[in-house]
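This is data-v2.cif (mmCIF, C-alpha atoms).
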data_coords
loop_
_atom_site.group_PDB
_atom_site.id
_atom_site.type_symbol
_atom_site.label_atom_id
_atom_site.label_comp_id
_atom_site.auth_asym_id
_atom_site.auth_seq_id
_atom_site.Cartn_x
_atom_site.Cartn_y
_atom_site.Cartn_z
ATOM 1 C CA MET A 838 79.450 108.239 101.812
ATOM 2 C CA LYS A 839 79.301 110.980 99.223
ATOM 3 C CA SER A 840 80.510 110.037 95.766
ATOM 4 C CA THR A 841 81.274 111.968 92.624
ATOM 5 C CA ILE A 842 79.918 109.134 90.460
ATOM 6 C CA PRO A 843 76.872 110.446 88.532
ATOM 7 C CA GLU A 844 73.477 108.777 88.467
ATOM 8 C CA ALA A 845 73.250 105.638 86.335
ATOM 9 C CA GLY A 846 73.162 106.342 82.648
ATOM 10 C CA VAL A 847 74.290 109.957 82.957
ATOM 11 C CA PRO A 848 77.414 110.294 80.779
ATOM 12 C CA ILE A 849 80.418 112.412 81.607
ATOM 13 C CA THR A 850 80.220 115.373 79.263
ATOM 14 C CA GLN A 851 83.101 117.144 77.647
ATOM 15 C CA SER A 852 83.236 120.872 78.227
ATOM 16 C CA ALA A 853 83.383 123.058 75.154
ATOM 17 C CA THR A 854 86.848 124.483 74.553
ATOM 18 C CA ASP A 855 88.825 126.022 71.739
ATOM 19 C CA ASN A 856 91.773 123.697 72.235
ATOM 20 C CA GLY A 857 90.586 120.883 69.996
ATOM 21 C CA ALA A 858 89.740 117.220 70.411
ATOM 22 C CA ASP A 859 93.065 116.302 72.035
ATOM 23 C CA HIS A 860 92.462 118.650 74.958
ATOM 24 C CA GLN A 861 88.903 117.367 75.358
ATOM 25 C CA GLU A 862 90.137 113.784 75.395
ATOM 26 C CA VAL A 863 92.707 114.567 78.108
ATOM 27 C CA SER A 864 90.077 116.395 80.176
ATOM 28 C CA LEU A 865 87.642 113.499 79.815
ATOM 29 C CA HIS A 866 90.292 110.982 80.872
ATOM 30 C CA GLY A 867 91.117 113.091 83.932
ATOM 31 C CA GLU A 868 87.465 113.336 84.934
ATOM 32 C CA ILE A 869 86.925 109.597 84.568
ATOM 33 C CA LEU A 870 90.038 108.921 86.629
ATOM 34 C CA LEU A 871 89.014 111.376 89.358
ATOM 35 C CA ARG A 872 85.527 109.931 89.725
ATOM 36 C CA LEU A 873 86.669 106.336 89.582
ATOM 37 C CA ARG A 874 89.399 106.973 92.164
ATOM 38 C CA ASP A 875 86.887 108.622 94.507
ATOM 39 C CA TYR A 876 84.490 105.724 94.032
ATOM 40 C CA VAL A 877 87.123 103.183 95.068
ATOM 41 C CA VAL A 878 88.631 105.273 97.882
ATOM 42 C CA GLU A 879 85.225 105.884 99.468
ATOM 43 C CA GLY A 880 84.649 102.152 99.863
ATOM 44 C CA ASN A 881 81.894 101.656 97.305
ATOM 45 C CA ILE A 882 83.543 98.393 96.223
ATOM 46 C CA PRO A 883 84.538 96.018 99.079
ATOM 47 C CA GLU A 884 88.227 95.274 99.532
ATOM 48 C CA GLY A 885 89.276 92.220 97.615
ATOM 49 C CA ALA A 886 86.150 92.407 95.430
ATOM 50 C CA ARG A 887 86.176 92.403 91.643
ATOM 51 C CA VAL A 888 85.743 95.775 89.957
ATOM 52 C CA PRO A 889 82.286 95.704 88.266
ATOM 53 C CA GLU A 890 83.353 97.058 84.879
ATOM 54 C CA ARG A 891 79.974 96.802 83.165
ATOM 55 C CA GLN A 892 78.214 98.570 86.042
ATOM 56 C CA LEU A 893 80.806 101.338 86.150
ATOM 57 C CA CYS A 894 80.587 101.853 82.384
ATOM 58 C CA GLU A 895 76.825 102.286 82.714
ATOM 59 C CA MET A 896 77.165 104.642 85.673
ATOM 60 C CA LEU A 897 79.780 106.790 83.967
ATOM 61 C CA GLY A 898 78.247 106.592 80.508
ATOM 62 C CA ILE A 899 81.501 105.422 78.910
ATOM 63 C CA SER A 900 82.855 102.415 77.028
ATOM 64 C CA ARG A 901 85.214 99.755 78.382
ATOM 65 C CA THR A 902 88.319 101.300 76.767
ATOM 66 C CA PRO A 903 88.498 104.579 78.765
ATOM 67 C CA LEU A 904 87.478 102.702 81.927
ATOM 68 C CA ARG A 905 90.333 100.240 81.544
ATOM 69 C CA GLU A 906 92.793 103.068 80.898
ATOM 70 C CA ALA A 907 91.718 104.629 84.196
ATOM 71 C CA LEU A 908 92.013 101.263 85.953
ATOM 72 C CA LYS A 909 95.624 100.997 84.800
ATOM 73 C CA VAL A 910 96.383 104.297 86.547
ATOM 74 C CA LEU A 911 94.676 103.134 89.750
ATOM 75 C CA ALA A 912 96.687 99.917 89.590
ATOM 76 C CA ALA A 913 99.907 101.940 89.308
ATOM 77 C CA GLU A 914 98.771 103.943 92.353
ATOM 78 C CA GLY A 915 98.241 100.739 94.309
ATOM 79 C CA LEU A 916 94.485 101.037 94.808
ATOM 80 C CA ILE A 917 93.556 98.029 92.671
ATOM 81 C CA GLU A 918 95.168 94.924 91.201
ATOM 82 C CA LEU A 919 94.873 93.966 87.554
ATOM 83 C CA LEU A 920 94.131 90.276 87.059
ATOM 84 C CA PRO A 921 95.417 88.643 83.843
ATOM 85 C CA ASN A 922 92.392 88.163 81.575
ATOM 86 C CA ARG A 923 90.074 88.461 84.600
ATOM 87 C CA GLY A 924 89.558 92.199 85.058
ATOM 88 C CA ALA A 925 90.586 93.926 88.280
ATOM 89 C CA ARG A 926 89.916 93.815 92.002
ATOM 90 C CA VAL A 927 90.312 96.256 94.892
ATOM 91 C CA ARG A 928 93.642 95.692 96.613
ATOM 92 C CA GLN A 929 93.293 94.005 99.989
ATOM 93 C CA LEU A 930 95.824 94.977 102.642
ATOM 94 C CA SER A 931 96.666 92.936 105.732
ATOM 95 C CA GLU A 932 97.184 94.458 109.162
ATOM 96 C CA ARG A 933 100.927 94.005 108.701
ATOM 97 C CA ASP A 934 100.770 95.758 105.325
ATOM 98 C CA LEU A 935 99.063 98.737 106.966
ATOM 99 C CA GLU A 936 101.566 98.893 109.817
ATOM 100 C CA GLU A 937 104.494 98.965 107.403
ATOM 101 C CA LEU A 938 102.927 101.409 104.936
ATOM 102 C CA PHE A 939 101.786 103.891 107.574
ATOM 103 C CA ASP A 940 105.184 103.770 109.288
ATOM 104 C CA VAL A 941 106.908 104.571 105.996
ATOM 105 C CA MET A 942 104.427 107.387 105.346
ATOM 106 C CA ALA A 943 104.957 108.708 108.878
ATOM 107 C CA GLY A 944 108.684 108.844 108.252
ATOM 108 C CA LEU A 945 108.272 110.587 104.899
ATOM 109 C CA GLU A 946 105.805 113.176 106.211
ATOM 110 C CA SER A 947 107.955 113.773 109.284
ATOM 111 C CA LEU A 948 110.962 114.515 107.081
ATOM 112 C CA ALA A 949 108.827 116.658 104.773
ATOM 113 C CA GLY A 950 107.656 118.773 107.705
ATOM 114 C CA ARG A 951 111.203 119.394 108.909
ATOM 115 C CA LEU A 952 112.457 120.324 105.427
ATOM 116 C CA ALA A 953 109.382 122.419 104.632
ATOM 117 C CA CYS A 954 110.001 124.646 107.643
ATOM 118 C CA GLU A 955 113.431 125.442 106.200
ATOM 119 C CA ALA A 956 112.191 126.373 102.721
ATOM 120 C CA ILE A 957 108.496 127.300 102.799
ATOM 121 C CA THR A 958 107.449 130.813 101.789
ATOM 122 C CA ASP A 959 104.904 133.073 103.477
ATOM 123 C CA GLU A 960 102.663 132.672 100.432
ATOM 124 C CA GLU A 961 102.759 128.884 100.702
ATOM 125 C CA ILE A 962 101.887 129.018 104.391
ATOM 126 C CA ALA A 963 98.978 131.337 103.598
ATOM 127 C CA ALA A 964 97.756 128.913 100.918
ATOM 128 C CA ILE A 965 97.907 125.971 103.345
ATOM 129 C CA GLU A 966 96.091 128.058 105.948
ATOM 130 C CA ARG A 967 93.275 128.718 103.463
ATOM 131 C CA LEU A 968 93.063 124.999 102.741
ATOM 132 C CA HIS A 969 92.924 124.303 106.469
ATOM 133 C CA TYR A 970 89.885 126.500 106.991
ATOM 134 C CA GLU A 971 88.235 125.086 103.877
ATOM 135 C CA MET A 972 88.764 121.618 105.342
ATOM 136 C CA TYR A 973 87.368 122.771 108.678
ATOM 137 C CA GLY A 974 84.215 123.949 106.894
ATOM 138 C CA HIS A 975 83.755 120.484 105.385
ATOM 139 C CA TYR A 976 84.277 118.975 108.845
ATOM 140 C CA LEU A 977 81.574 121.201 110.386
ATOM 141 C CA ASN A 978 79.198 120.183 107.601
ATOM 142 C CA SER A 979 80.018 116.479 108.038
ATOM 143 C CA ASP A 980 81.164 116.392 104.404
ATOM 144 C CA MET A 981 83.707 113.583 104.497
ATOM 145 C CA HIS A 982 84.280 113.672 100.748
ATOM 146 C CA GLY A 983 85.167 117.388 100.688
ATOM 147 C CA TYR A 984 87.170 117.094 103.899
ATOM 148 C CA PHE A 985 89.296 114.264 102.601
ATOM 149 C CA GLN A 986 90.023 115.922 99.259
ATOM 150 C CA VAL A 987 91.288 119.102 100.926
ATOM 151 C CA ASN A 988 93.116 117.110 103.615
ATOM 152 C CA GLN A 989 95.157 115.348 100.941
ATOM 153 C CA ARG A 990 96.006 118.682 99.308
ATOM 154 C CA ILE A 991 97.342 119.982 102.643
ATOM 155 C CA HIS A 992 99.631 117.005 103.137
ATOM 156 C CA GLU A 993 100.789 117.189 99.510
ATOM 157 C CA SER A 994 101.457 120.944 99.883
ATOM 158 C CA ILE A 995 103.723 120.325 102.880
ATOM 159 C CA VAL A 996 105.606 117.655 100.922
ATOM 160 C CA ALA A 997 105.944 120.025 97.952
ATOM 161 C CA ALA A 998 107.262 122.778 100.238
ATOM 162 C CA ALA A 999 110.104 120.467 101.287
ATOM 163 C CA ARG A 1000 111.696 121.123 97.863
ATOM 164 C CA ASN A 1001 112.910 117.531 97.591
ATOM 165 C CA GLU A 1002 111.889 115.726 94.412
ATOM 166 C CA THR A 1003 113.076 112.307 95.614
ATOM 167 C CA LEU A 1004 110.942 112.672 98.711
ATOM 168 C CA ARG A 1005 107.939 113.843 96.661
ATOM 169 C CA VAL A 1006 108.122 110.864 94.291
ATOM 170 C CA ALA A 1007 108.490 108.380 97.153
ATOM 171 C CA TYR A 1008 105.579 109.978 98.995
ATOM 172 C CA ALA A 1009 103.321 109.827 95.940
ATOM 173 C CA SER A 1010 104.112 106.169 95.324
ATOM 174 C CA PHE A 1011 103.083 105.154 98.853
ATOM 175 C CA ALA A 1012 100.182 107.607 99.259
ATOM 176 C CA GLY A 1013 98.081 105.877 96.613
ATOM 177 C CA ARG A 1014 98.389 102.509 98.308
ATOM 178 C CA ILE A 1015 96.848 103.709 101.584
ATOM 179 C CA ARG A 1016 94.484 106.378 100.244
ATOM 180 C CA ARG A 1017 91.422 104.164 100.606
ATOM 181 C CA ILE A 1018 92.119 103.033 104.178
ATOM 182 C CA ARG A 1019 93.266 106.549 105.131
ATOM 183 C CA TYR A 1020 89.803 107.772 104.115
ATOM 184 C CA CYS A 1021 87.977 105.007 105.973
ATOM 185 C CA ALA A 1022 90.031 105.499 109.161
ATOM 186 C CA ASN A 1023 88.088 108.689 109.864
ATOM 187 C CA PHE A 1024 85.049 106.504 110.593
ATOM 188 C CA ALA A 1025 86.816 104.635 113.405
ATOM 189 C CA ARG A 1026 85.310 104.808 116.909
ATOM 190 C CA LYS A 1027 82.036 106.224 115.578
ATOM 191 C CA ARG A 1028 83.880 109.101 113.901
ATOM 192 C CA GLN A 1029 85.766 110.198 117.025
ATOM 193 C CA ARG A 1030 88.932 109.800 114.990
ATOM 194 C CA TRP A 1031 87.712 112.478 112.576
ATOM 195 C CA GLY A 1032 87.565 115.042 115.369
ATOM 196 C CA GLU A 1033 90.973 113.961 116.656
ATOM 197 C CA ALA A 1034 92.463 114.374 113.186
ATOM 198 C CA MET A 1035 91.019 117.879 112.918
ATOM 199 C CA ARG A 1036 92.644 118.885 116.211
ATOM 200 C CA GLU A 1037 95.949 117.409 115.053
ATOM 201 C CA HIS A 1038 95.730 119.545 111.919
ATOM 202 C CA GLU A 1039 95.348 122.636 114.104
ATOM 203 C CA ALA A 1040 98.678 121.726 115.712
ATOM 204 C CA ILE A 1041 100.244 121.077 112.296
ATOM 205 C CA LEU A 1042 99.220 124.522 111.057
ATOM 206 C CA ASP A 1043 100.449 126.221 114.227
ATOM 207 C CA ALA A 1044 103.907 124.605 114.003
ATOM 208 C CA LEU A 1045 104.108 125.418 110.293
ATOM 209 C CA ARG A 1046 103.296 129.075 110.897
ATOM 210 C CA ARG A 1047 106.142 129.228 113.425
ATOM 211 C CA ARG A 1048 108.432 127.232 111.127
ATOM 212 C CA ALA A 1049 109.131 124.934 114.059
ATOM 213 C CA GLY A 1050 110.681 122.126 112.047
ATOM 214 C CA SER A 1051 111.459 119.664 114.831
ATOM 215 C CA GLU A 1052 108.038 120.152 116.404
ATOM 216 C CA LEU A 1053 106.193 119.809 113.103
ATOM 217 C CA SER A 1054 108.194 116.674 112.317
ATOM 218 C CA ASP A 1055 107.084 115.060 115.575
ATOM 219 C CA ILE A 1056 103.448 116.141 115.128
ATOM 220 C CA LEU A 1057 103.251 114.721 111.608
ATOM 221 C CA PHE A 1058 104.861 111.442 112.666
ATOM 222 C CA GLN A 1059 102.360 111.017 115.520
ATOM 223 C CA HIS A 1060 99.495 112.121 113.255
ATOM 224 C CA LEU A 1061 100.263 109.237 110.902
ATOM 225 C CA ARG A 1062 100.758 106.835 113.801
ATOM 226 C CA ASN A 1063 97.315 107.763 115.150
ATOM 227 C CA LYS A 1064 95.880 107.333 111.682
ATOM 228 C CA ARG A 1065 97.538 103.919 111.491
ATOM 229 C CA SER A 1066 95.880 102.790 114.739
ATOM 230 C CA ALA A 1067 92.485 104.020 113.560
ATOM 231 C CA ALA A 1068 92.933 102.362 110.163
ATOM 232 C CA ILE A 1069 93.770 98.984 111.699
ATOM 233 C CA GLU A 1070 90.848 99.317 114.109
ATOM 234 C CA HIS A 1071 88.456 100.147 111.280
ATOM 235 C CA LEU A 1072 89.793 97.315 109.129
ATOM 236 C CA ALA A 1073 89.331 94.789 111.954
ATOM 237 C CA ALA A 1074 85.794 96.016 112.687
ATOM 238 C CA ALA A 1075 84.826 95.857 109.013
ATOM 239 C CA ARG A 1076 86.184 92.331 108.588
ATOM 240 C CA ASN A 1077 84.566 91.120 111.810
ATOM 241 C CA GLY A 1078 81.266 92.551 110.609
ATOM 242 C CA THR A 1079 81.617 90.774 107.289
ATOM 243 C CA ALA A 1080 82.441 87.484 109.038
ATOM 244 C CA ALA A 1081 79.454 87.842 111.373
ATOM 245 C CA THR A 1082 77.142 88.536 108.429
ATOM 246 C CA ALA A 1083 78.455 85.509 106.567
ATOM 247 C CA ALA A 1084 78.040 83.294 109.632
ATOM 248 C CA GLY A 1085 74.446 84.378 110.110
ATOM 249 C CA SER A 1086 73.419 83.919 106.494
#

Before anything else, please render the file you have as structure tokens.
Amino acid sequence: MKSTIPEAGVPITQSATDNGADHQEVSLHGEILLRLRDYVVEGNIPEGARVPERQLCEMLGISRTPLREALKVLAAEGLIELLPNRGARVRQLSERDLEELFDVMAGLESLAGRLACEAITDEEIAAIERLHYEMYGHYLNSDMHGYFQVNQRIHESIVAAARNETLRVAYASFAGRIRRIRYCANFARKRQRWGEAMREHEAILDALRRRAGSELSDILFQHLRNKRSAAIEHLAAARNGTAATAAGS
């Protein structure tokens, strides 16, 4: 898995700007958050495992304070859990948790697709189309990291095009909780799911171009349902593998 975490001991540098220390501090916080989020989402820390704060500080070249600020954001997003006086751990989701979360996300994205087709502009469709082909390039190059980043931007763009702030806020609150397993689901069935997802995105783009709201709604709902099945399959395989390793040790 590709990660944006730098080599050990290489600090995150602040870019030179004319906007003063406050702007640099905000930029640095954003970069730490982005890299830490990617690190967790891409499965570099096992689910349920403690977050290795000292190791991450060394890898990022930062102190504990900015790391813990970033961890608070990830906790609010649902990726990790903060433990009172005991650091943090990666949130562990049960099969039932995944079923419920993906069903809610399927409903939200389905509604977003229907509303987006009523309000989306030609310019927004063109922007999503550009993202689609950028994502396809990552897929052809087997770049899961790049693919996933652009994939999330496509889904977020459709939600934004729905012009419904309540929907957008609800979507964002649930998206963080399944971001990690949504990434890992692409590895299900020896990556066959990744190819299936790419073909589903072709259908999503086609329906969006035609502003076929009912059709896009159904496609997005099934897209999330398929992702749910792959996520549960991947979760079960990963846990069975861990159990088998433990039994043989």

Give me the residues of stretch 1022-1083 of chain A that have any atom at most 12 Å from an atom of stretch 906-930 of chain A; for each, the nearest atom pair and the distance in Å, rounded to one decimal. Use all atoms listed in the file, sort by chain and number, and format it as a Markdown table.
| residue | atom | partner | partner_atom | distance |
| --- | --- | --- | --- | --- |
| A:Ala1068 | CA | A:Leu930 | CA | 10.9 |
| A:Ile1069 | CA | A:Leu930 | CA | 10.1 |
| A:Leu1072 | CA | A:Leu930 | CA | 9.2 |
| A:Ala1073 | CA | A:Leu930 | CA | 11.4 |
| A:Arg1076 | CA | A:Gln929 | CA | 11.3 |

Between A:Arg1065, A:His975, A:His1071, A:Leu948, which is the closest to A:Arg933 once you count only C-alpha atoms?
->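 When distances to A:Arg933 are compared using only C-alpha atoms, the smallest one comes from A:Arg1065.
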
With distances taken over all atoms listed in the file, which of A:Glu868, A:Glu1070, A:Asp1055, A:Asp934 is nearest to A:Arg951?
->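 Checking each of A:Glu868, A:Glu1070, A:Asp1055, A:Asp934 against A:Arg951, counting all atoms listed in the file, the winner is A:Asp1055.
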
Which residues of stretch 1032-1078 of chain A come within 12 Å of stretch 996-1010 of chain A, and what is each one's closest atom pair and distance in Å (one decimal), counting only C-alpha atoms, sorted by chain and residue number, as JSON lines?
{"residue": "A:Leu1045", "atom": "CA", "partner": "A:Ala998", "partner_atom": "CA", "distance": 10.9}
{"residue": "A:Arg1048", "atom": "CA", "partner": "A:Ala998", "partner_atom": "CA", "distance": 11.8}
{"residue": "A:Gly1050", "atom": "CA", "partner": "A:Ala999", "partner_atom": "CA", "distance": 10.9}
{"residue": "A:Ser1054", "atom": "CA", "partner": "A:Val996", "partner_atom": "CA", "distance": 11.7}
{"residue": "A:Leu1057", "atom": "CA", "partner": "A:Val996", "partner_atom": "CA", "distance": 11.3}

Could you spell out the hits of the PyMOL selection byres ((chain A and resi 889) around 12) on the shown file, as JSON, numbers by chain?
-> {"A": [873, 876, 877, 881, 882, 883, 886, 887, 888, 890, 891, 892, 893, 894, 895, 896, 901, 904, 905, 908, 923, 924, 925, 926, 927]}

All residues 9 Å or closer to A:Trp1031, all atoms listed in the file, same chain fewer than 5 positions away omitted, as JSON, numbers by chain = {"A": [976, 1022, 1023, 1024, 1025, 1036]}

Would you list the contacts of A:Glu1052 as a PyMOL selection string, taking every protein, DNA or RNA residue within 12 Å and counting all atoms listed in the file, but skipping same-chain residues closer than 6 positions in sequence?
-> chain A and resi 947-948+950-952+954+1040-1046+1058-1059

What do you get, as a list in words, if you spell out every residue that the PyMOL selection byres ((chain A and resi 982) around 12) selects here?
-> Met838, Lys839, Ser840, Thr841, Arg872, Asp875, Tyr876, Val878, Glu879, Gly880, Met972, Gly974, His975, Tyr976, Asn978, Ser979, Asp980, Met981, Gly983, Tyr984, Phe985, Gln986, Val987, Asn988, Gln989, Arg1017, Tyr1020, Cys1021 and Asn1023 of chain A

May I ask for the distance between atom CA of A:His1060 and atom CA of A:Leu870, given in Å to one decimal place?
-> 28.4 Å

From the list A:Gly885, A:Ala1034, A:Ser900, A:Lys1064, which residue is nearest A:Arg1016 when using all atoms listed in the file?
->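 The answer is A:Lys1064, which sits nearest to A:Arg1016.
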
For A:Phe939, work out the shell of residues within 8 Å, counting only C-alpha atoms and skipping chain neighbours fewer than 4 positions away, then give it as a list in words.
->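 Final neighbour list, sorted by chain and number: Leu935, Ala943, Ile1015, Leu1061, Arg1062, Lys1064 and Arg1065 of chain A.
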
What gap, in Å, lies between atom CA of A:Met942 and atom CA of A:Tyr970?
-> 24.1 Å

File output for stretch 898-910 of chain A (N, CA, C and O atoms) as an mmCIF file, in the first residue's frame:
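Output file result-v3.cif follows:
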data_model
loop_
_atom_site.group_PDB
_atom_site.id
_atom_site.type_symbol
_atom_site.label_atom_id
_atom_site.label_comp_id
_atom_site.auth_asym_id
_atom_site.auth_seq_id
_atom_site.Cartn_x
_atom_site.Cartn_y
_atom_site.Cartn_z
ATOM 1 N N GLY A 898 8.471 13.618 12.019
ATOM 2 C CA GLY A 898 9.387 14.664 12.444
ATOM 3 C C GLY A 898 8.699 15.778 13.205
ATOM 4 O O GLY A 898 9.004 16.958 13.030
ATOM 5 N N ILE A 899 7.723 15.391 14.060
ATOM 6 C CA ILE A 899 6.960 16.383 14.825
ATOM 7 C C ILE A 899 6.931 15.981 16.291
ATOM 8 O O ILE A 899 7.326 14.881 16.662
ATOM 9 N N SER A 900 6.418 16.898 17.130
ATOM 10 C CA SER A 900 6.277 16.617 18.553
ATOM 11 C C SER A 900 4.911 15.995 18.823
ATOM 12 O O SER A 900 4.071 15.881 17.934
ATOM 13 N N ARG A 901 4.684 15.613 20.074
ATOM 14 C CA ARG A 901 3.421 14.973 20.452
ATOM 15 C C ARG A 901 2.226 15.925 20.319
ATOM 16 O O ARG A 901 1.122 15.494 20.007
ATOM 17 N N THR A 902 2.433 17.217 20.556
ATOM 18 C CA THR A 902 1.301 18.156 20.560
ATOM 19 C C THR A 902 0.585 18.220 19.212
ATOM 20 O O THR A 902 -0.636 18.030 19.154
ATOM 21 N N PRO A 903 1.266 18.499 18.085
ATOM 22 C CA PRO A 903 0.548 18.534 16.810
ATOM 23 C C PRO A 903 -0.017 17.169 16.416
ATOM 24 O O PRO A 903 -1.068 17.093 15.768
ATOM 25 N N LEU A 904 0.656 16.081 16.818
ATOM 26 C CA LEU A 904 0.126 14.753 16.518
ATOM 27 C C LEU A 904 -1.203 14.542 17.230
ATOM 28 O O LEU A 904 -2.175 14.066 16.633
ATOM 29 N N ARG A 905 -1.262 14.914 18.493
ATOM 30 C CA ARG A 905 -2.490 14.700 19.258
ATOM 31 C C ARG A 905 -3.626 15.599 18.773
ATOM 32 O O ARG A 905 -4.800 15.220 18.844
ATOM 33 N N GLU A 906 -3.295 16.774 18.271
ATOM 34 C CA GLU A 906 -4.323 17.635 17.677
ATOM 35 C C GLU A 906 -4.920 16.962 16.443
ATOM 36 O O GLU A 906 -6.130 16.997 16.225
ATOM 37 N N ALA A 907 -4.058 16.343 15.636
ATOM 38 C CA ALA A 907 -4.541 15.636 14.448
ATOM 39 C C ALA A 907 -5.361 14.411 14.843
ATOM 40 O O ALA A 907 -6.376 14.099 14.203
ATOM 41 N N LEU A 908 -4.962 13.729 15.897
ATOM 42 C CA LEU A 908 -5.704 12.557 16.364
ATOM 43 C C LEU A 908 -7.108 12.936 16.825
ATOM 44 O O LEU A 908 -8.061 12.168 16.647
ATOM 45 N N LYS A 909 -7.253 14.111 17.402
ATOM 46 C CA LYS A 909 -8.579 14.571 17.819
ATOM 47 C C LYS A 909 -9.506 14.714 16.615
ATOM 48 O O LYS A 909 -10.695 14.386 16.690
ATOM 49 N N VAL A 910 -8.962 15.215 15.502
ATOM 50 C CA VAL A 910 -9.765 15.358 14.285
ATOM 51 C C VAL A 910 -10.166 13.981 13.757
ATOM 52 O O VAL A 910 -11.325 13.756 13.383
#
